[in-house]
file target.txt (compact mmCIF, C-alpha atoms)
# COMPACT_ATOMS: atom_id res chain seq x y z
CA MET Q 1 86.97 -189.39 -63.31
CA VAL Q 2 85.31 -188.24 -60.08
CA LYS Q 3 82.52 -186.51 -62.01
CA ALA Q 4 82.05 -189.33 -64.49
CA ILE Q 5 81.60 -191.87 -61.67
CA GLU Q 6 79.32 -189.51 -59.76
CA SER Q 7 77.12 -189.17 -62.84
CA TYR Q 8 75.97 -192.74 -62.06
CA GLY Q 9 74.53 -191.46 -58.78
CA ILE Q 10 77.36 -192.88 -56.66
CA PRO Q 11 78.75 -190.35 -54.16
CA VAL Q 12 82.49 -189.83 -54.66
CA VAL Q 13 84.88 -188.05 -52.33
CA HIS Q 14 88.08 -186.73 -53.87
CA VAL Q 15 90.99 -187.04 -51.47
CA CYS Q 16 93.52 -184.88 -53.23
CA THR Q 17 96.48 -182.65 -52.62
CA ILE Q 18 95.84 -179.86 -55.09
CA VAL Q 19 92.39 -178.77 -53.98
CA PRO Q 20 92.09 -175.79 -56.38
CA ILE Q 21 92.46 -178.12 -59.37
CA SER Q 22 89.78 -180.42 -58.03
CA GLN Q 23 87.51 -177.43 -57.43
CA THR Q 24 88.08 -176.01 -60.89
CA VAL Q 25 87.43 -179.30 -62.60
CA GLY Q 26 84.30 -179.71 -60.47
CA ALA Q 27 84.48 -182.41 -57.78
CA ASN Q 28 81.61 -182.04 -55.31
CA ARG Q 29 83.13 -183.55 -52.18
CA ILE Q 30 86.79 -182.81 -51.57
CA VAL Q 31 89.08 -183.77 -48.68
CA PRO Q 32 92.57 -182.23 -48.70
CA ALA Q 33 95.41 -184.75 -48.69
CA VAL Q 34 98.84 -184.38 -47.10
CA ALA Q 35 101.27 -183.84 -49.97
CA ILE Q 36 101.81 -184.77 -53.60
CA PRO Q 37 104.35 -187.57 -53.05
CA TYR Q 38 102.36 -189.00 -50.13
CA PRO Q 39 98.71 -187.95 -50.14
CA LEU Q 40 97.73 -190.31 -47.32
CA GLY Q 41 101.02 -190.61 -45.48
CA ASP Q 42 103.94 -188.74 -44.01
CA PRO Q 43 107.45 -190.20 -44.10
CA SER Q 44 108.56 -187.86 -41.32
CA LYS Q 45 106.27 -189.70 -38.91
CA SER Q 46 106.62 -193.16 -37.42
CA PRO Q 47 104.69 -195.98 -39.12
CA SER Q 48 101.99 -196.03 -36.46
CA GLU Q 49 101.62 -192.23 -36.52
CA GLU Q 50 101.31 -192.44 -40.31
CA LYS Q 51 98.56 -195.03 -40.00
CA ASP Q 52 96.71 -192.80 -37.55
CA LEU Q 53 97.04 -189.92 -40.01
CA ARG Q 54 95.74 -192.11 -42.81
CA ARG Q 55 92.83 -193.15 -40.63
CA THR Q 56 91.97 -189.53 -39.82
CA ILE Q 57 91.87 -188.61 -43.51
CA LEU Q 58 89.77 -191.66 -44.39
CA GLU Q 59 87.35 -190.92 -41.57
CA LYS Q 60 86.98 -187.41 -42.96
CA ALA Q 61 86.39 -188.94 -46.37
CA LEU Q 62 83.67 -191.26 -45.09
CA LYS Q 63 82.06 -188.36 -43.24
CA ALA Q 64 82.06 -186.36 -46.48
CA LEU Q 65 80.33 -189.24 -48.26
CA GLN Q 66 77.60 -189.18 -45.61
CA THR Q 67 77.12 -185.41 -45.77
CA PRO Q 68 74.42 -184.10 -48.11
CA VAL Q 69 75.84 -181.27 -50.21
CA THR Q 70 74.23 -179.00 -52.76
CA GLU Q 71 77.40 -177.43 -54.06
CA GLN Q 72 81.11 -178.12 -54.12
CA THR Q 73 82.35 -178.61 -50.58
CA VAL Q 74 85.86 -178.92 -49.20
CA PHE Q 75 85.83 -180.88 -45.93
CA THR Q 76 88.60 -179.54 -43.74
CA ASP Q 77 87.60 -180.86 -40.30
CA MET N 1 104.82 -171.99 -111.97
CA THR N 2 101.60 -173.93 -111.49
CA TYR N 3 101.75 -176.17 -108.45
CA ARG N 4 100.72 -179.80 -108.84
CA VAL N 5 98.19 -180.73 -106.17
CA VAL N 6 96.68 -184.11 -105.33
CA HIS N 7 93.25 -184.29 -103.70
CA TYR N 8 91.90 -187.05 -101.41
CA ILE N 9 88.19 -187.72 -101.03
CA ASN N 10 85.93 -190.54 -99.86
CA GLN N 11 83.54 -192.78 -101.80
CA PHE N 12 80.58 -190.49 -101.19
CA PHE N 13 82.14 -187.30 -102.52
CA ALA N 14 83.55 -189.26 -105.44
CA GLY N 15 79.98 -190.07 -106.43
CA ILE N 16 80.61 -193.81 -106.11
CA GLY N 17 78.04 -194.45 -103.43
CA GLY N 18 77.04 -193.99 -99.82
CA GLU N 19 77.51 -196.24 -96.83
CA GLU N 20 77.06 -199.34 -98.98
CA LYS N 21 80.25 -198.43 -100.82
CA ALA N 22 82.27 -197.48 -97.75
CA ASP N 23 84.37 -200.59 -98.12
CA ILE N 24 85.97 -199.72 -101.43
CA ALA N 25 89.74 -199.98 -101.61
CA PRO N 26 91.89 -196.99 -102.65
CA GLU N 27 91.86 -195.96 -106.31
CA SER N 28 93.13 -192.96 -108.21
CA ARG N 29 91.79 -190.86 -111.07
CA PRO N 30 93.56 -188.20 -113.12
CA GLY N 31 92.41 -184.61 -112.60
CA VAL N 32 89.46 -183.39 -110.57
CA VAL N 33 86.61 -185.34 -109.02
CA GLY N 34 83.60 -184.00 -107.10
CA PRO N 35 84.43 -181.22 -104.60
CA GLY N 36 87.81 -180.90 -106.30
CA MET N 37 85.94 -178.67 -108.77
CA ALA N 38 85.37 -176.09 -106.02
CA LEU N 39 89.06 -176.22 -105.05
CA LYS N 40 90.07 -175.92 -108.71
CA ALA N 41 88.01 -172.75 -109.05
CA SER N 42 89.71 -171.26 -106.00
CA PHE N 43 93.22 -172.22 -107.11
CA GLY N 44 92.87 -170.37 -110.38
CA SER N 45 96.08 -170.56 -112.35
CA GLN N 46 98.34 -170.92 -109.32
CA ALA N 47 97.72 -174.60 -108.75
CA GLU N 48 96.21 -177.52 -110.56
CA ILE N 49 94.65 -180.68 -109.20
CA VAL N 50 96.53 -183.26 -111.23
CA GLY N 51 95.00 -186.29 -109.58
CA THR N 52 92.41 -187.46 -107.08
CA VAL N 53 92.79 -190.43 -104.74
CA ILE N 54 89.62 -192.02 -103.42
CA CYS N 55 89.11 -194.49 -100.59
CA GLY N 56 86.04 -195.88 -98.81
CA ASP N 57 85.69 -194.52 -95.25
CA GLY N 58 85.00 -197.99 -93.88
CA TYR N 59 87.95 -199.56 -95.67
CA PHE N 60 90.25 -196.86 -94.32
CA ALA N 61 88.95 -197.04 -90.76
CA GLU N 62 89.32 -200.81 -90.63
CA ASN N 63 92.76 -200.97 -92.21
CA MET N 64 94.30 -197.70 -91.13
CA GLU N 65 97.95 -198.63 -91.47
CA SER N 66 97.81 -200.55 -94.72
CA ALA N 67 95.25 -198.19 -96.26
CA THR N 68 97.49 -195.21 -95.45
CA ASP N 69 100.35 -196.95 -97.28
CA GLU N 70 98.19 -197.80 -100.28
CA VAL N 71 96.82 -194.26 -100.49
CA LEU N 72 100.27 -192.74 -100.07
CA LYS N 73 101.61 -194.80 -102.97
CA LEU N 74 98.82 -193.60 -105.26
CA ILE N 75 99.38 -190.00 -104.20
CA ALA N 76 103.14 -190.19 -104.77
CA GLU N 77 102.61 -191.44 -108.33
CA PHE N 78 101.28 -188.01 -109.30
CA LYS N 79 104.49 -186.33 -108.09
CA PRO N 80 102.61 -183.56 -106.23
CA ASP N 81 103.97 -180.27 -104.87
CA ALA N 82 101.16 -180.14 -102.33
CA PHE N 83 98.23 -182.16 -101.03
CA VAL N 84 94.69 -181.44 -99.90
CA ALA N 85 92.20 -183.81 -98.25
CA GLY N 86 88.43 -183.47 -97.80
CA PRO N 87 86.89 -181.27 -96.46
CA ALA N 88 85.46 -183.89 -94.11
CA PHE N 89 82.97 -181.56 -92.34
CA ASN N 90 81.67 -183.54 -89.36
CA ALA N 91 82.09 -187.06 -90.78
CA GLY N 92 84.19 -188.90 -88.20
CA ARG N 93 85.72 -191.70 -90.27
CA TYR N 94 86.34 -189.35 -93.17
CA GLY N 95 87.97 -186.79 -90.85
CA THR N 96 90.17 -189.47 -89.33
CA ALA N 97 91.17 -190.64 -92.81
CA CYS N 98 91.91 -187.10 -93.99
CA GLY N 99 94.02 -186.43 -90.89
CA ALA N 100 95.91 -189.72 -91.15
CA VAL N 101 96.65 -189.33 -94.85
CA CYS N 102 97.70 -185.69 -94.44
CA GLU N 103 100.05 -186.63 -91.64
CA ALA N 104 101.61 -189.45 -93.67
CA VAL N 105 101.98 -187.28 -96.79
CA SER N 106 103.53 -184.49 -94.78
CA ARG N 107 106.03 -186.83 -93.13
CA GLN N 108 106.94 -188.99 -96.07
CA LEU N 109 106.58 -186.75 -99.09
CA ASN N 110 107.57 -183.60 -97.22
CA ILE N 111 105.10 -181.33 -99.02
CA PRO N 112 102.53 -178.86 -97.61
CA VAL N 113 99.20 -180.49 -96.69
CA VAL N 114 95.84 -178.99 -95.79
CA THR N 115 92.47 -180.41 -94.82
CA GLY N 116 89.16 -179.03 -93.53
CA MET N 117 86.88 -180.25 -90.72
CA TYR N 118 84.15 -179.19 -88.35
CA PRO N 119 85.81 -178.53 -84.95
CA GLU N 120 83.98 -181.43 -83.28
CA ASN N 121 85.13 -183.97 -85.83
CA PRO N 122 87.22 -186.56 -83.92
CA GLY N 123 89.88 -186.12 -86.61
CA VAL N 124 90.55 -182.65 -85.22
CA ASP N 125 91.64 -183.81 -81.77
CA MET N 126 93.64 -186.62 -83.28
CA TYR N 127 95.54 -184.67 -85.92
CA ARG N 128 95.44 -180.98 -85.11
CA LYS N 129 99.00 -181.01 -83.84
CA SER N 130 100.55 -182.34 -87.01
CA VAL N 131 98.17 -181.14 -89.74
CA TYR N 132 96.82 -177.73 -90.79
CA ILE N 133 93.04 -177.95 -90.54
CA VAL N 134 90.67 -175.28 -91.84
CA GLU N 135 87.51 -174.89 -89.76
CA THR N 136 84.38 -175.78 -91.73
CA GLU N 137 80.67 -176.06 -91.12
CA GLY N 138 79.16 -179.34 -89.99
CA SER N 139 77.74 -180.35 -93.34
CA ALA N 140 78.60 -180.30 -97.03
CA ARG N 141 76.64 -177.07 -97.40
CA GLY N 142 79.80 -175.48 -96.04
CA LEU N 143 81.79 -176.45 -99.15
CA LYS N 144 81.30 -173.06 -100.77
CA ASP N 145 83.24 -171.44 -97.89
CA ALA N 146 85.57 -174.33 -97.09
CA ALA N 147 87.03 -174.72 -100.58
CA PRO N 148 88.31 -171.14 -100.96
CA ALA N 149 89.64 -171.17 -97.40
CA MET N 150 91.52 -174.42 -97.95
CA ALA N 151 92.86 -173.28 -101.30
CA LYS N 152 94.08 -170.02 -99.80
CA LEU N 153 95.80 -171.82 -96.93
CA LEU N 154 97.53 -174.28 -99.22
CA LEU N 155 98.80 -171.54 -101.52
CA LYS N 156 100.12 -169.62 -98.53
CA ALA N 157 101.84 -172.79 -97.29
CA LEU N 158 103.49 -173.09 -100.71
CA SER N 159 104.58 -169.47 -100.74
CA PRO N 160 108.08 -168.41 -99.57
CA GLU N 161 106.71 -166.90 -96.31
CA GLY N 162 104.94 -170.11 -95.37
CA LEU N 163 102.26 -170.20 -92.69
CA GLY N 164 101.90 -167.89 -89.74
CA SER N 165 99.60 -167.99 -86.73
CA PRO N 166 96.19 -169.71 -86.77
CA GLN N 167 94.42 -166.38 -86.46
CA ASP N 168 96.27 -164.77 -89.34
CA ASP N 169 96.11 -167.64 -91.78
CA GLY N 170 92.81 -169.25 -90.85
CA TYR N 171 93.39 -172.73 -89.46
CA LEU N 172 92.53 -174.52 -86.22
CA SER N 173 95.15 -173.88 -83.58
CA ARG N 174 97.59 -176.74 -83.30
CA GLY N 175 98.56 -176.10 -79.71
CA VAL N 176 102.05 -175.14 -80.80
CA ARG N 177 103.68 -172.53 -78.61
CA ILE N 178 106.27 -170.30 -80.19
CA ASN N 179 108.35 -168.01 -78.01
CA CYS N 180 108.29 -164.41 -79.07
CA PHE N 181 109.28 -161.10 -77.56
CA PHE N 182 106.72 -158.50 -76.58
CA GLU N 183 107.58 -154.91 -75.89
CA LYS N 184 105.67 -154.97 -72.64
CA THR N 185 106.43 -157.51 -69.94
CA GLY N 186 103.88 -160.12 -68.96
CA ALA N 187 103.31 -158.33 -65.67
CA THR N 188 102.44 -155.08 -67.45
CA ARG N 189 100.11 -156.85 -69.88
CA ALA N 190 98.41 -158.74 -67.05
CA VAL N 191 97.77 -155.58 -65.04
CA GLU N 192 96.46 -153.77 -68.13
CA MET N 193 94.11 -156.68 -68.81
CA LEU N 194 92.92 -156.65 -65.20
CA ILE N 195 92.24 -152.91 -65.28
CA LYS N 196 90.18 -153.34 -68.45
CA LYS N 197 88.28 -156.17 -66.80
CA LEU N 198 87.59 -154.12 -63.67
CA LYS N 199 86.38 -151.21 -65.79
CA GLY N 200 84.10 -153.51 -67.73
CA GLU N 201 85.99 -152.78 -70.94
CA LYS N 202 86.55 -155.33 -73.68
CA PHE N 203 89.77 -157.30 -73.41
CA GLU N 204 91.21 -160.33 -75.12
CA THR N 205 92.72 -163.17 -73.18
CA GLU N 206 96.12 -164.31 -74.31
CA TYR N 207 95.25 -167.89 -73.38
CA PRO N 208 91.66 -169.23 -73.52
CA MET N 209 90.90 -171.44 -70.52
CA PRO N 210 88.86 -174.64 -71.01
CA SER N 211 85.46 -174.62 -69.35
CA PHE N 212 84.48 -177.53 -67.14
CA ASP N 213 80.97 -178.89 -66.79
CA ARG N 214 79.40 -179.68 -63.42
CA VAL N 215 77.75 -182.87 -62.17
CA PRO N 216 75.04 -182.61 -59.51
CA PRO N 217 76.29 -184.03 -56.19
CA ALA N 218 75.14 -187.61 -55.70
CA ALA N 219 72.97 -188.24 -52.65
CA ALA N 220 74.88 -188.80 -49.41
CA LEU N 221 75.34 -192.28 -47.96
CA THR N 222 72.69 -192.97 -45.35
CA ASP N 223 73.78 -196.29 -43.94
CA LEU N 224 77.56 -196.51 -43.74
CA GLU N 225 77.50 -199.77 -41.82
CA GLU N 226 75.76 -201.50 -44.70
CA ALA N 227 77.78 -199.82 -47.42
CA THR N 228 80.22 -201.21 -49.97
CA ILE N 229 83.05 -198.73 -50.48
CA ALA N 230 85.42 -198.72 -53.46
CA VAL N 231 88.86 -197.15 -53.50
CA ILE N 232 90.21 -195.73 -56.76
CA THR N 233 93.35 -193.75 -57.45
CA SER N 234 94.94 -191.51 -60.03
CA GLY N 235 98.23 -191.83 -58.16
CA GLY N 236 99.27 -194.64 -60.44
CA VAL N 237 99.47 -197.47 -57.88
CA VAL N 238 99.62 -200.73 -59.82
CA PRO N 239 100.54 -204.35 -59.14
CA LYS N 240 104.33 -204.73 -59.07
CA GLY N 241 105.70 -204.79 -62.59
CA ASN N 242 102.84 -202.69 -63.99
CA PRO N 243 101.45 -205.68 -65.92
CA ASP N 244 99.22 -203.60 -68.14
CA ARG N 245 101.91 -201.05 -68.85
CA ILE N 246 99.93 -197.99 -67.79
CA GLU N 247 101.94 -195.06 -69.07
CA SER N 248 103.76 -192.76 -66.65
CA SER N 249 102.31 -189.76 -68.45
CA SER N 250 99.36 -189.16 -70.77
CA ALA N 251 97.85 -192.48 -69.72
CA SER N 252 95.81 -194.08 -72.43
CA LYS N 253 94.24 -196.64 -70.13
CA PHE N 254 93.28 -197.56 -66.59
CA GLY N 255 93.66 -200.89 -64.82
CA THR N 256 91.29 -202.78 -62.54
CA TYR N 257 92.79 -205.27 -60.11
CA SER N 258 91.45 -207.59 -57.47
CA ILE N 259 92.26 -206.89 -53.82
CA LEU N 260 90.33 -209.93 -52.58
CA ASN N 261 92.08 -211.01 -49.38
CA VAL N 262 94.70 -208.28 -49.80
CA GLN N 263 95.22 -206.64 -46.42
CA SER N 264 97.68 -203.96 -47.45
CA ALA N 265 99.06 -202.34 -50.60
CA ASN N 266 102.58 -203.30 -49.58
CA LYS N 267 105.74 -202.63 -51.55
CA GLU N 268 106.30 -206.31 -52.25
CA ASN N 269 103.24 -206.47 -54.42
CA TYR N 270 102.55 -202.92 -55.50
CA GLN N 271 104.34 -199.87 -56.91
CA THR N 272 103.49 -196.64 -58.62
CA ALA N 273 103.72 -196.05 -62.36
CA HIS N 274 103.16 -192.29 -62.06
CA GLY N 275 105.86 -190.15 -63.65
CA GLY N 276 104.64 -186.80 -62.32
CA TYR N 277 105.84 -186.92 -58.73
CA ASP N 278 108.76 -188.36 -56.80
CA PRO N 279 107.73 -192.01 -56.48
CA THR N 280 110.05 -192.83 -53.56
CA CYS N 281 107.53 -192.50 -50.73
CA VAL N 282 104.70 -194.29 -52.49
CA ASN N 283 107.00 -197.07 -53.69
CA GLU N 284 108.22 -197.46 -50.11
CA ASP N 285 104.63 -197.81 -48.94
CA PRO N 286 101.93 -197.76 -51.64
CA ASN N 287 99.26 -197.45 -48.93
CA ARG N 288 100.28 -193.79 -48.90
CA ALA N 289 98.37 -193.35 -52.16
CA LEU N 290 96.10 -196.41 -52.15
CA PRO N 291 95.11 -196.76 -48.46
CA VAL N 292 94.13 -200.43 -48.50
CA ASP N 293 95.64 -201.17 -45.08
CA VAL N 294 93.51 -198.74 -43.10
CA LEU N 295 90.41 -199.41 -45.20
CA ARG N 296 90.72 -203.14 -44.37
CA GLU N 297 90.99 -202.33 -40.68
CA MET N 298 87.88 -200.20 -40.91
CA GLU N 299 86.11 -203.02 -42.75
CA ARG N 300 87.11 -205.52 -40.05
CA GLU N 301 85.84 -203.16 -37.35
CA GLY N 302 82.51 -202.88 -39.10
CA VAL N 303 82.79 -199.15 -39.91
CA PHE N 304 81.38 -200.11 -43.28
CA LYS N 305 80.21 -203.46 -44.60
CA LYS N 306 82.61 -204.21 -47.41
CA LEU N 307 85.68 -202.94 -49.22
CA TYR N 308 84.87 -203.49 -52.91
CA GLU N 309 86.81 -206.39 -54.32
CA TYR N 310 88.54 -204.37 -57.05
CA PHE N 311 90.43 -201.12 -57.22
CA SER N 312 90.86 -199.13 -60.41
CA THR N 313 93.92 -197.06 -61.10
CA THR N 314 95.44 -194.80 -63.66
CA VAL N 315 98.19 -192.22 -63.83
CA GLY N 316 96.87 -188.71 -63.47
CA ASN N 317 99.86 -187.04 -65.11
CA GLY N 318 99.01 -185.05 -68.23
CA THR N 319 95.94 -187.25 -68.68
CA SER N 320 93.62 -185.72 -71.24
CA THR N 321 90.26 -184.75 -69.74
CA ALA N 322 88.62 -186.71 -72.54
CA ASN N 323 90.42 -189.89 -71.47
CA ALA N 324 89.78 -189.26 -67.80
CA LYS N 325 86.10 -188.95 -68.56
CA LYS N 326 86.15 -192.14 -70.61
CA PHE N 327 87.85 -194.04 -67.77
CA GLY N 328 85.40 -192.65 -65.22
CA ILE N 329 82.42 -193.69 -67.31
CA ALA N 330 83.71 -197.25 -67.73
CA ILE N 331 84.60 -197.54 -64.04
CA GLY N 332 81.32 -195.98 -62.92
CA GLU N 333 79.32 -198.38 -65.05
CA GLN N 334 80.99 -201.39 -63.47
CA LEU N 335 80.66 -199.99 -59.94
CA LYS N 336 76.97 -199.42 -60.52
CA LYS N 337 76.52 -202.99 -61.77
CA ASP N 338 78.29 -204.28 -58.68
CA HIS N 339 76.17 -202.15 -56.33
CA VAL N 340 79.04 -200.12 -54.91
CA ASP N 341 77.57 -197.46 -52.62
CA ALA N 342 80.36 -194.90 -52.48
CA VAL N 343 83.85 -194.19 -53.76
CA ILE N 344 87.02 -192.76 -52.27
CA LEU N 345 89.19 -191.48 -55.10
CA THR N 346 92.74 -190.48 -54.17
CA SER N 347 94.94 -188.15 -56.17
CA THR N 348 98.48 -186.91 -55.68
call {"tool": "encode", "arguments": {"input": "target.txt", "output": "structure tokens"}}
result
Amino acid sequence: MVKAIESYGIPVVHVCTIVPISQTVGANRIVPAVAIPYPLGDPSKSPSEEKDLRRTILEKALKALQTPVTEQTVFTD
Amino acid sequence: MTYRVVHYINQFFAGIGGEEKADIAPESRPGVVGPGMALKASFGSQAEIVGTVICGDGYFAENMESATDEVLKLIAEFKPDAFVAGPAFNAGRYGTACGAVCEAVSRQLNIPVVTGMYPENPGVDMYRKSVYIVETEGSARGLKDAAPAMAKLLLKALSPEGLGSPQDDGYLSRGVRINCFFEKTGATRAVEMLIKKLKGEKFETEYPMPSFDRVPPAAALTDLEEATIAVITSGGVVPKGNPDRIESSSASKFGTYSILNVQSANKENYQTAHGGYDPTCVNEDPNRALPVDVLREMEREGVFKKLYEYFSTTVGNGTSTANAKKFGIAIGEQLKKDHVDAVILTST
């Protein structure tokens, strides 16, 4: 889906848990998520800590969307 | 004993007409018609085409269920021991008809069935699991090779040994996995394969991997503050109750829902339909997969201009790549129309 949407010239960032799958299938901008049952969350944290975590991941995602890339890139920081 | 075989063909191969006759209803004729002659020659004395059933490709495609029943009735009247359809080469409606009829005959008359298609015929993807399909060329020029191959496969299916592997008996793999014992363990075979690969020697994979195409990266966002951002997920987050019944596995569709004035994907109004992971955490707080709450905050703060009014969702559990691509194309087209500047797609 990521690639099909990107083929319209719209930058897409894939926030996903299983990065190797995303890489194999061919997403260009990838941001690792937390875990399969909670990609943008963490039930072991308090609600406000979770929201901060979610914010951090989304900020990374927005940064990825603003970063020119020429090949597949995983954004870890 | 000479086996009684019934043959199915379309209006074109029956010599009735081309596209202008594609709407003809099913009819049957005794004996051989058209390409049945080639099959007859290959069967020799072992089998005989006792009847041919013909149907227009358009009629079949537009009335699949009822046409299958009508065709099946005509086939059954000949009391066949076996059935052959096509070959359909690369004709999509014809391939779909051949696959559908073969499947119905196999299930309801419980006799061996064989058809032939070019590997890219849509009928292959639809019916390869339930029907034995011989690989053919893309056009009717391939009949001279297809007919003997189909005849051979059908006779083998009728024989006491029945059919073996796709490689041995010459049909398109059905994706059926059969457990068998090897003398060497998987670990030994894997290491031997690796050594061959390292030495640059020829080796044969036990499992062909699909190859994925690449899309050039879209240009980066230059003005985030003016941007409209869309959020999409394959984590299966849907409005509570899953109104469009998106399947928990092998999703055949995606949903698009308004989040106008929605500040958070809370559990009162949202849930996940995904059957491939423990849904507890996401059902407790769907923002964990569809982060509407934080995106709204960012929107309010002016980090970006607008959170796109709709989110699209599907269940990424055993979703066929063909379907995923189809969904992506439909979603992408709409996003482009609505001038969305960038997308965050979340997956579990």
call {"tool": "residues_near_point", "arguments": {"input": "target.txt", "point": "(81.2, -182.6, -51.8)", "cutoff": "6 Å", "atoms": "all atoms listed in the file", "output": "list of chain:residue names"}}
result
Q:Asn28, Q:Arg29, Q:Ile30, Q:Val69, Q:Gln72, Q:Thr73
call {"tool": "residues_around", "arguments": {"input": "target.txt", "residues": "Leu221 of chain N", "least_positions_apart": "2", "cutoff": "10 Å", "atoms": "only C-alpha atoms", "output": "ChimeraX atom specification"}}
result
/Q:10-11,62-68 /N:218-219,223-227,341-342
call {"tool": "closest_residue", "arguments": {"input": "target.txt", "among": "Q:Val34, Q:Ala27, Q:Val12, Q:Ile21", "to": "chain N", "atoms": "all atoms listed in the file"}}
result
Q:Val12
call {"tool": "closest_atom_pairs", "arguments": {"input": "target.txt", "of": "chain N", "to": "chain Q", "cutoff": "8 Å", "atoms": "only C-alpha atoms", "output": "JSON lines"}}
result
{"residue": "N:Phe212", "atom": "CA", "partner": "Q:Val25", "partner_atom": "CA", "distance": 5.7}
{"residue": "N:Asp213", "atom": "CA", "partner": "Q:Gly26", "partner_atom": "CA", "distance": 7.2}
{"residue": "N:Arg214", "atom": "CA", "partner": "Q:Gly26", "partner_atom": "CA", "distance": 5.7}
{"residue": "N:Val215", "atom": "CA", "partner": "Q:Lys3", "partner_atom": "CA", "distance": 6.0}
{"residue": "N:Pro216", "atom": "CA", "partner": "Q:Ser7", "partner_atom": "CA", "distance": 7.6}
{"residue": "N:Pro217", "atom": "CA", "partner": "Q:Asn28", "partner_atom": "CA", "distance": 5.7}
{"residue": "N:Ala218", "atom": "CA", "partner": "Q:Pro11", "partner_atom": "CA", "distance": 4.8}
{"residue": "N:Ala219", "atom": "CA", "partner": "Q:Pro68", "partner_atom": "CA", "distance": 6.3}
{"residue": "N:Ala220", "atom": "CA", "partner": "Q:Gln66", "partner_atom": "CA", "distance": 4.7}
{"residue": "N:Leu221", "atom": "CA", "partner": "Q:Gln66", "partner_atom": "CA", "distance": 4.5}
{"residue": "N:Thr222", "atom": "CA", "partner": "Q:Gln66", "partner_atom": "CA", "distance": 6.2}
{"residue": "N:Leu224", "atom": "CA", "partner": "Q:Gln66", "partner_atom": "CA", "distance": 7.6}
{"residue": "N:Tyr277", "atom": "CA", "partner": "Q:Pro37", "partner_atom": "CA", "distance": 5.9}
{"residue": "N:Asp278", "atom": "CA", "partner": "Q:Pro37", "partner_atom": "CA", "distance": 5.8}
{"residue": "N:Pro279", "atom": "CA", "partner": "Q:Pro37", "partner_atom": "CA", "distance": 6.6}
{"residue": "N:Thr280", "atom": "CA", "partner": "Q:Pro37", "partner_atom": "CA", "distance": 7.8}
{"residue": "N:Cys281", "atom": "CA", "partner": "Q:Tyr38", "partner_atom": "CA", "distance": 6.3}
{"residue": "N:Val282", "atom": "CA", "partner": "Q:Tyr38", "partner_atom": "CA", "distance": 6.2}
{"residue": "N:Asn287", "atom": "CA", "partner": "Q:Leu40", "partner_atom": "CA", "distance": 7.5}
{"residue": "N:Arg288", "atom": "CA", "partner": "Q:Leu40", "partner_atom": "CA", "distance": 4.6}
{"residue": "N:Ala289", "atom": "CA", "partner": "Q:Leu40", "partner_atom": "CA", "distance": 5.8}
{"residue": "N:Leu290", "atom": "CA", "partner": "Q:Leu40", "partner_atom": "CA", "distance": 7.9}
{"residue": "N:Pro291", "atom": "CA", "partner": "Q:Leu40", "partner_atom": "CA", "distance": 7.1}
{"residue": "N:Val294", "atom": "CA", "partner": "Q:Arg55", "partner_atom": "CA", "distance": 6.1}
{"residue": "N:Leu295", "atom": "CA", "partner": "Q:Leu58", "partner_atom": "CA", "distance": 7.8}
{"residue": "N:Ala324", "atom": "CA", "partner": "Q:Met1", "partner_atom": "CA", "distance": 5.3}
{"residue": "N:Lys325", "atom": "CA", "partner": "Q:Met1", "partner_atom": "CA", "distance": 5.3}
{"residue": "N:Lys326", "atom": "CA", "partner": "Q:Met1", "partner_atom": "CA", "distance": 7.8}
{"residue": "N:Phe327", "atom": "CA", "partner": "Q:Met1", "partner_atom": "CA", "distance": 6.5}
{"residue": "N:Gly328", "atom": "CA", "partner": "Q:Met1", "partner_atom": "CA", "distance": 4.1}
{"residue": "N:Ile329", "atom": "CA", "partner": "Q:Ala4", "partner_atom": "CA", "distance": 5.2}
{"residue": "N:Ile331", "atom": "CA", "partner": "Q:Ile5", "partner_atom": "CA", "distance": 6.8}
{"residue": "N:Gly332", "atom": "CA", "partner": "Q:Ile5", "partner_atom": "CA", "distance": 4.3}
{"residue": "N:Glu333", "atom": "CA", "partner": "Q:Tyr8", "partner_atom": "CA", "distance": 7.2}
{"residue": "N:Lys336", "atom": "CA", "partner": "Q:Tyr8", "partner_atom": "CA", "distance": 6.9}
{"residue": "N:Val340", "atom": "CA", "partner": "Q:Ile10", "partner_atom": "CA", "distance": 7.6}
{"residue": "N:Asp341", "atom": "CA", "partner": "Q:Ile10", "partner_atom": "CA", "distance": 6.1}
{"residue": "N:Ala342", "atom": "CA", "partner": "Q:Pro11", "partner_atom": "CA", "distance": 5.1}
{"residue": "N:Val343", "atom": "CA", "partner": "Q:Val12", "partner_atom": "CA", "distance": 4.7}
{"residue": "N:Ile344", "atom": "CA", "partner": "Q:Val13", "partner_atom": "CA", "distance": 5.2}
{"residue": "N:Leu345", "atom": "CA", "partner": "Q:His14", "partner_atom": "CA", "distance": 5.0}
{"residue": "N:Thr346", "atom": "CA", "partner": "Q:Val15", "partner_atom": "CA", "distance": 4.7}
{"residue": "N:Ser347", "atom": "CA", "partner": "Q:Cys16", "partner_atom": "CA", "distance": 4.6}
{"residue": "N:Thr348", "atom": "CA", "partner": "Q:Ile36", "partner_atom": "CA", "distance": 4.5}
call {"tool": "residues_around", "arguments": {"input": "target.txt", "residues": "segment 33-50 of chain N", "least_positions_apart": "5", "cutoff": "9 Å", "atoms": "all atoms listed in the file", "output": "list in words"}}
result
Met1, Thr2, Tyr3, Arg4, Val5, Val6, His7, Tyr8, Ile9, Phe13, Ala14, Gly15, Phe78, Pro80, Gly86, Pro87, Leu143, Lys144, Ala146, Ala147, Pro148, Ala149, Met150, Ala151, Lys152 and Leu155 of chain N
call {"tool": "decode", "arguments": {"input": "target.txt", "residues": "segment 14-18 of chain N", "atoms": "C-alpha atoms", "output": "compact mmCIF listing (two decimals), in the first residue's frame"}}
result
# COMPACT_ATOMS: atom_id res chain seq x y z
CA ALA N 14 -16.93 -23.02 -31.15
CA GLY N 15 -16.88 -21.03 -34.38
CA ILE N 16 -20.10 -19.22 -33.45
CA GLY N 17 -18.65 -15.74 -33.46
CA GLY N 18 -16.39 -13.24 -31.77
